[in-house]
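Okay, entry.pdb now, which holds PDB, N, CA and C atoms:
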```pdb
ATOM      1  N   MET A   1     182.195 -20.844  75.491
ATOM      2  CA  MET A   1     182.602 -20.363  76.775
ATOM      3  C   MET A   1     181.427 -20.209  77.718
ATOM      4  N   GLY A   2     180.319 -19.933  77.181
ATOM      5  CA  GLY A   2     179.124 -19.784  77.991
ATOM      6  C   GLY A   2     178.683 -21.102  78.603
ATOM      7  N   ARG A   3     178.973 -22.188  77.912
ATOM      8  CA  ARG A   3     178.574 -23.499  78.421
ATOM      9  C   ARG A   3     179.407 -23.908  79.634
ATOM     10  N   LYS A   4     180.663 -23.577  79.658
ATOM     11  CA  LYS A   4     181.506 -23.905  80.802
ATOM     12  C   LYS A   4     181.005 -23.204  82.056
ATOM     13  N   ASP A   5     180.645 -21.981  81.928
ATOM     14  CA  ASP A   5     180.145 -21.230  83.078
ATOM     15  C   ASP A   5     178.831 -21.808  83.586
ATOM     16  N   ALA A   6     177.993 -22.242  82.672
ATOM     17  CA  ALA A   6     176.699 -22.805  83.059
ATOM     18  C   ALA A   6     176.869 -24.140  83.765
ATOM     19  N   ALA A   7     177.874 -24.892  83.403
ATOM     20  CA  ALA A   7     178.088 -26.211  83.992
ATOM     21  C   ALA A   7     178.631 -26.091  85.416
ATOM     22  N   THR A   8     179.409 -25.065  85.694
ATOM     23  CA  THR A   8     180.012 -24.936  87.024
ATOM     24  C   THR A   8     179.051 -24.348  88.046
ATOM     25  N   ILE A   9     178.073 -23.625  87.596
ATOM     26  CA  ILE A   9     177.099 -23.031  88.520
ATOM     27  C   ILE A   9     176.074 -24.107  88.880
ATOM     28  N   LYS A  10     175.927 -24.325  90.188
ATOM     29  CA  LYS A  10     174.963 -25.323  90.643
ATOM     30  C   LYS A  10     173.613 -24.664  90.872
ATOM     31  N   LEU A  11     172.603 -25.405  90.648
ATOM     32  CA  LEU A  11     171.267 -24.901  90.896
ATOM     33  C   LEU A  11     171.041 -24.751  92.389
ATOM     34  N   PRO A  12     170.277 -23.781  92.798
ATOM     35  CA  PRO A  12     170.019 -23.597  94.230
ATOM     36  C   PRO A  12     169.320 -24.808  94.861
ATOM     37  N   VAL A  13     168.527 -25.499  94.080
ATOM     38  CA  VAL A  13     167.828 -26.674  94.596
ATOM     39  C   VAL A  13     168.829 -27.772  94.932
ATOM     40  N   ASP A  14     169.821 -27.969  94.058
ATOM     41  CA  ASP A  14     170.839 -28.980  94.316
ATOM     42  C   ASP A  14     171.674 -28.624  95.531
ATOM     43  N   GLN A  15     172.013 -27.346  95.666
ATOM     44  CA  GLN A  15     172.777 -26.913  96.833
ATOM     45  C   GLN A  15     171.963 -27.132  98.112
ATOM     46  N   TYR A  16     170.677 -26.840  98.049
ATOM     47  CA  TYR A  16     169.803 -27.012  99.206
ATOM     48  C   TYR A  16     169.703 -28.492  99.594
ATOM     49  N   ARG A  17     169.547 -29.346  98.616
ATOM     50  CA  ARG A  17     169.467 -30.791  98.890
ATOM     51  C   ARG A  17     170.760 -31.308  99.511
ATOM     52  N   LYS A  18     171.891 -30.810  99.002
ATOM     53  CA  LYS A  18     173.176 -31.232  99.543
ATOM     54  C   LYS A  18     173.328 -30.771 100.990
ATOM     55  N   GLN A  19     172.910 -29.548 101.255
ATOM     56  CA  GLN A  19     172.994 -29.014 102.614
ATOM     57  C   GLN A  19     172.093 -29.796 103.566
ATOM     58  N   ILE A  20     170.891 -30.130 103.141
ATOM     59  CA  ILE A  20     169.964 -30.913 103.965
ATOM     60  C   ILE A  20     170.537 -32.300 104.220
ATOM     61  N   GLY A  21     171.132 -32.903 103.209
ATOM     62  CA  GLY A  21     171.736 -34.220 103.363
ATOM     63  C   GLY A  21     172.858 -34.203 104.383
ATOM     64  N   LYS A  22     173.678 -33.166 104.365
ATOM     65  CA  LYS A  22     174.759 -33.057 105.343
ATOM     66  C   LYS A  22     174.201 -32.893 106.751
ATOM     67  N   GLN A  23     173.197 -32.072 106.902
ATOM     68  CA  GLN A  23     172.613 -31.856 108.228
ATOM     69  C   GLN A  23     171.972 -33.132 108.742
ATOM     70  N   ASP A  24     171.270 -33.844 107.869
ATOM     71  CA  ASP A  24     170.623 -35.087 108.269
ATOM     72  C   ASP A  24     171.662 -36.124 108.673
ATOM     73  N   TYR A  25     172.778 -36.180 107.956
ATOM     74  CA  TYR A  25     173.836 -37.125 108.286
ATOM     75  C   TYR A  25     174.442 -36.790 109.643
ATOM     76  N   LYS A  26     174.646 -35.505 109.910
ATOM     77  CA  LYS A  26     175.214 -35.093 111.196
ATOM     78  C   LYS A  26     174.284 -35.465 112.346
ATOM     79  N   LYS A  27     172.997 -35.333 112.145
ATOM     80  CA  LYS A  27     172.030 -35.670 113.202
ATOM     81  C   LYS A  27     171.988 -37.165 113.459
ATOM     82  N   THR A  28     172.034 -37.946 112.420
ATOM     83  CA  THR A  28     171.802 -39.376 112.582
ATOM     84  C   THR A  28     173.064 -40.174 112.888
ATOM     85  N   LYS A  29     174.234 -39.557 112.810
ATOM     86  CA  LYS A  29     175.462 -40.315 113.050
ATOM     87  C   LYS A  29     175.496 -40.935 114.454
ATOM     88  N   PRO A  30     175.222 -40.207 115.533
ATOM     89  CA  PRO A  30     175.196 -40.856 116.865
ATOM     90  C   PRO A  30     174.060 -41.868 116.999
ATOM     91  N   ILE A  31     172.953 -41.573 116.360
ATOM     92  CA  ILE A  31     171.822 -42.499 116.415
ATOM     93  C   ILE A  31     172.165 -43.784 115.690
ATOM     94  N   LEU A  32     172.840 -43.666 114.540
ATOM     95  CA  LEU A  32     173.255 -44.855 113.802
ATOM     96  C   LEU A  32     174.260 -45.676 114.604
ATOM     97  N   ARG A  33     175.164 -45.008 115.287
ATOM     98  CA  ARG A  33     176.153 -45.713 116.097
ATOM     99  C   ARG A  33     175.463 -46.468 117.233
ATOM    100  N   ALA A  34     174.485 -45.837 117.880
ATOM    101  CA  ALA A  34     173.750 -46.494 118.967
ATOM    102  C   ALA A  34     172.960 -47.687 118.445
ATOM    103  N   THR A  35     172.356 -47.539 117.292
ATOM    104  CA  THR A  35     171.595 -48.633 116.695
ATOM    105  C   THR A  35     172.508 -49.793 116.342
ATOM    106  N   LYS A  36     173.689 -49.476 115.835
ATOM    107  CA  LYS A  36     174.647 -50.515 115.468
ATOM    108  C   LYS A  36     175.112 -51.278 116.706
ATOM    109  N   LEU A  37     175.398 -50.557 117.790
ATOM    110  CA  LEU A  37     175.809 -51.218 119.029
ATOM    111  C   LEU A  37     174.702 -52.090 119.606
ATOM    112  N   LYS A  38     173.482 -51.611 119.519
ATOM    113  CA  LYS A  38     172.348 -52.381 120.027
ATOM    114  C   LYS A  38     172.148 -53.660 119.233
ATOM    115  N   ALA A  39     172.278 -53.582 117.917
ATOM    116  CA  ALA A  39     172.135 -54.764 117.071
ATOM    117  C   ALA A  39     173.260 -55.756 117.343
ATOM    118  N   GLU A  40     174.462 -55.251 117.569
ATOM    119  CA  GLU A  40     175.599 -56.124 117.859
ATOM    120  C   GLU A  40     175.395 -56.836 119.195
ATOM    121  N   ALA A  41     174.878 -56.122 120.185
ATOM    122  CA  ALA A  41     174.621 -56.732 121.487
ATOM    123  C   ALA A  41     173.520 -57.778 121.393
ATOM    124  N   LYS A  42     172.540 -57.509 120.563
ATOM    125  CA  LYS A  42     171.434 -58.458 120.398
ATOM    126  C   LYS A  42     171.910 -59.739 119.725
ATOM    127  N   LYS A  43     172.856 -59.627 118.787
ATOM    128  CA  LYS A  43     173.374 -60.800 118.090
ATOM    129  C   LYS A  43     174.140 -61.718 119.035
ATOM    130  N   THR A  44     174.944 -61.134 119.899
ATOM    131  CA  THR A  44     175.823 -61.936 120.746
ATOM    132  C   THR A  44     175.125 -62.437 122.004
ATOM    133  N   ALA A  45     174.041 -61.835 122.418
ATOM    134  CA  ALA A  45     173.365 -62.235 123.644
ATOM    135  C   ALA A  45     172.556 -63.509 123.429
ATOM    136  N   ILE A  46     172.508 -64.335 124.470
ATOM    137  CA  ILE A  46     171.698 -65.551 124.417
ATOM    138  C   ILE A  46     170.262 -65.147 124.718
ATOM    139  N   GLY A  47     169.367 -65.542 123.854
ATOM    140  CA  GLY A  47     167.983 -65.164 124.014
ATOM    141  C   GLY A  47     167.186 -66.176 124.817
ATOM    142  N   ILE A  48     165.995 -65.784 125.174
ATOM    143  CA  ILE A  48     165.102 -66.648 125.944
ATOM    144  C   ILE A  48     164.697 -67.857 125.107
ATOM    145  N   LYS A  49     164.582 -67.668 123.802
ATOM    146  CA  LYS A  49     164.210 -68.776 122.928
ATOM    147  C   LYS A  49     165.219 -69.912 122.998
ATOM    148  N   GLU A  50     166.496 -69.549 122.916
ATOM    149  CA  GLU A  50     167.538 -70.572 122.940
ATOM    150  C   GLU A  50     167.557 -71.306 124.272
ATOM    151  N   VAL A  51     167.414 -70.573 125.353
ATOM    152  CA  VAL A  51     167.400 -71.193 126.683
ATOM    153  C   VAL A  51     166.199 -72.119 126.805
ATOM    154  N   GLY A  52     165.054 -71.684 126.322
ATOM    155  CA  GLY A  52     163.856 -72.514 126.364
ATOM    156  C   GLY A  52     164.006 -73.779 125.547
ATOM    157  N   LEU A  53     164.616 -73.667 124.380
ATOM    158  CA  LEU A  53     164.819 -74.852 123.545
ATOM    159  C   LEU A  53     165.762 -75.853 124.205
ATOM    160  N   VAL A  54     166.819 -75.369 124.846
ATOM    161  CA  VAL A  54     167.751 -76.271 125.520
ATOM    162  C   VAL A  54     167.057 -76.967 126.691
ATOM    163  N   LEU A  55     166.306 -76.213 127.473
ATOM    164  CA  LEU A  55     165.584 -76.823 128.597
ATOM    165  C   LEU A  55     164.543 -77.836 128.124
ATOM    166  N   ALA A  56     163.858 -77.527 127.037
ATOM    167  CA  ALA A  56     162.869 -78.462 126.498
ATOM    168  C   ALA A  56     163.548 -79.745 126.003
ATOM    169  N   ALA A  57     164.715 -79.616 125.390
ATOM    170  CA  ALA A  57     165.438 -80.799 124.910
ATOM    171  C   ALA A  57     165.895 -81.671 126.084
ATOM    172  N   ILE A  58     166.398 -81.047 127.135
ATOM    173  CA  ILE A  58     166.824 -81.802 128.324
ATOM    174  C   ILE A  58     165.631 -82.499 128.957
ATOM    175  N   LEU A  59     164.516 -81.805 129.076
ATOM    176  CA  LEU A  59     163.305 -82.401 129.645
ATOM    177  C   LEU A  59     162.822 -83.577 128.803
ATOM    178  N   ALA A  60     162.874 -83.438 127.483
ATOM    179  CA  ALA A  60     162.448 -84.533 126.605
ATOM    180  C   ALA A  60     163.353 -85.755 126.779
ATOM    181  N   LEU A  61     164.654 -85.532 126.900
ATOM    182  CA  LEU A  61     165.570 -86.655 127.129
ATOM    183  C   LEU A  61     165.300 -87.344 128.467
ATOM    184  N   LEU A  62     165.087 -86.560 129.496
ATOM    185  CA  LEU A  62     164.786 -87.149 130.804
ATOM    186  C   LEU A  62     163.494 -87.959 130.773
ATOM    187  N   LEU A  63     162.491 -87.431 130.123
ATOM    188  CA  LEU A  63     161.224 -88.161 130.012
ATOM    189  C   LEU A  63     161.391 -89.443 129.198
ATOM    190  N   ALA A  64     162.219 -89.403 128.162
ATOM    191  CA  ALA A  64     162.452 -90.599 127.350
ATOM    192  C   ALA A  64     163.164 -91.676 128.176
ATOM    193  N   PHE A  65     164.188 -91.291 128.939
ATOM    194  CA  PHE A  65     164.881 -92.257 129.800
ATOM    195  C   PHE A  65     163.938 -92.829 130.858
ATOM    196  N   TYR A  66     163.141 -91.961 131.460
ATOM    197  CA  TYR A  66     162.207 -92.423 132.474
ATOM    198  C   TYR A  66     161.213 -93.408 131.874
ATOM    199  N   ALA A  67     160.657 -93.087 130.720
ATOM    200  CA  ALA A  67     159.683 -93.967 130.085
ATOM    201  C   ALA A  67     160.324 -95.300 129.694
ATOM    202  N   PHE A  68     161.558 -95.252 129.193
ATOM    203  CA  PHE A  68     162.251 -96.481 128.824
ATOM    204  C   PHE A  68     162.440 -97.392 130.031
ATOM    205  N   PHE A  69     162.980 -96.858 131.103
ATOM    206  CA  PHE A  69     163.219 -97.683 132.285
ATOM    207  C   PHE A  69     161.913 -98.101 132.965
ATOM    208  N   TYR A  70     160.908 -97.252 132.932
ATOM    209  CA  TYR A  70     159.621 -97.611 133.520
ATOM    210  C   TYR A  70     159.005 -98.792 132.770
ATOM    211  N   LEU A  71     159.027 -98.718 131.466
ATOM    212  CA  LEU A  71     158.448 -99.802 130.680
ATOM    213  C   LEU A  71     159.316-101.061 130.729
ATOM    214  N   ARG A  72     160.603-100.897 130.837
ATOM    215  CA  ARG A  72     161.516-102.031 130.852
ATOM    216  C   ARG A  72     161.472-102.774 132.182
ATOM    217  N   LEU A  73     161.388-102.038 133.266
ATOM    218  CA  LEU A  73     161.452-102.658 134.580
ATOM    219  C   LEU A  73     160.086-103.054 135.135
ATOM    220  N   SER A  74     159.053-102.436 134.657
ATOM    221  CA  SER A  74     157.725-102.801 135.161
ATOM    222  C   SER A  74     157.156-103.909 134.280
ATOM    223  N   THR A  75     157.247-105.130 134.775
ATOM    224  CA  THR A  75     156.687-106.274 134.052
ATOM    225  C   THR A  75     155.462-106.746 134.803
ATOM    226  N   ASP A  76     154.519-107.248 134.079
ATOM    227  CA  ASP A  76     153.307-107.742 134.719
ATOM    228  C   ASP A  76     153.612-109.084 135.386
ATOM    229  N   ILE A  77     153.556-109.064 136.668
ATOM    230  CA  ILE A  77     153.776-110.304 137.427
ATOM    231  C   ILE A  77     152.412-110.907 137.716
ATOM    232  N   ASP A  78     152.265-112.144 137.312
ATOM    233  CA  ASP A  78     150.988-112.841 137.541
ATOM    234  C   ASP A  78     150.923-113.248 139.016
ATOM    235  N   PRO A  79     149.952-112.750 139.755
ATOM    236  CA  PRO A  79     149.883-113.068 141.180
ATOM    237  C   PRO A  79     149.561-114.545 141.449
ATOM    238  N   ASP A  80     148.996-115.256 140.473
ATOM    239  CA  ASP A  80     148.668-116.658 140.668
ATOM    240  C   ASP A  80     149.913-117.541 140.666
ATOM    241  N   LEU A  81     150.958-117.148 140.004
ATOM    242  CA  LEU A  81     152.160-117.964 139.943
ATOM    243  C   LEU A  81     153.024-117.661 141.163
ATOM    244  N   ASP A  82     153.527-118.717 141.721
ATOM    245  CA  ASP A  82     154.415-118.590 142.867
ATOM    246  C   ASP A  82     155.797-118.992 142.404
ATOM    247  N   PRO A  83     156.813-118.176 142.563
ATOM    248  CA  PRO A  83     158.130-118.508 142.046
ATOM    249  C   PRO A  83     158.753-119.706 142.762
ATOM    250  N   ASP A  84     158.273-120.070 143.948
ATOM    251  CA  ASP A  84     158.835-121.188 144.688
ATOM    252  C   ASP A  84     158.219-122.526 144.296
ATOM    253  N   GLU A  85     157.149-122.515 143.516
ATOM    254  CA  GLU A  85     156.485-123.760 143.139
ATOM    255  C   GLU A  85     157.342-124.544 142.160
ATOM    256  N   ASP A  86     157.309-125.853 142.324
ATOM    257  CA  ASP A  86     158.021-126.724 141.402
ATOM    258  C   ASP A  86     157.076-127.410 140.468
TER     259      ASP A  86
END
```
Translate the structure described by the file into structure tokens.
Amino acid sequence: MGRKDAATIKLPVDQYRKQIGKQDYKKTKPILRATKLKAEAKKTAIGIKEVGLVLAAILALLLAFYAFFYLRLSTDIDPDLDPDED
């Protein structure tokens, strides 16, 4: 019978830890909610990195088209040859 009584009585240290844990949880609940909302907003927002990568890709494509047409259309015309000569 003595063992049952000893098992139900909690140590003061355990009670203190439980009380501190409850207080800490109460303090951090709004902070945790704010942190969660901030992380969610950060996930869904388009970042500067993504915008920069898209702009760099568009610029690279434009430069590739320009270089292709520049090299394709600019042919070395020999000034000594006259197209009207037979």
Please measure the separation of atom CA of A:Phe65 and atom C of A:Lys49, giving the value in Å to one decimal. 23.4 Å
Take atom C of A:Ile58 and atom N of A:Tyr70 and report the distance between them in Å, one decimal.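 Taking atom C of A:Ile58 and atom N of A:Tyr70, their separation equals 16.0 Å.
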Box dimensions and centre (Å, one decimal) enclosing stretch 38-43 of chain A, axis-aligned, 6 Å extra per side, as JSON:
```
{"center_x": 173.5, "center_y": -56.7, "center_z": 119.3, "size_x": 16.2, "size_y": 22.1, "size_z": 16.4}
```
Could you tell me how far atom C of A:Val13 sits from atom C of A:Ile31, in Å to one decimal place?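 Computing it gives 26.4 Å between the two atoms.
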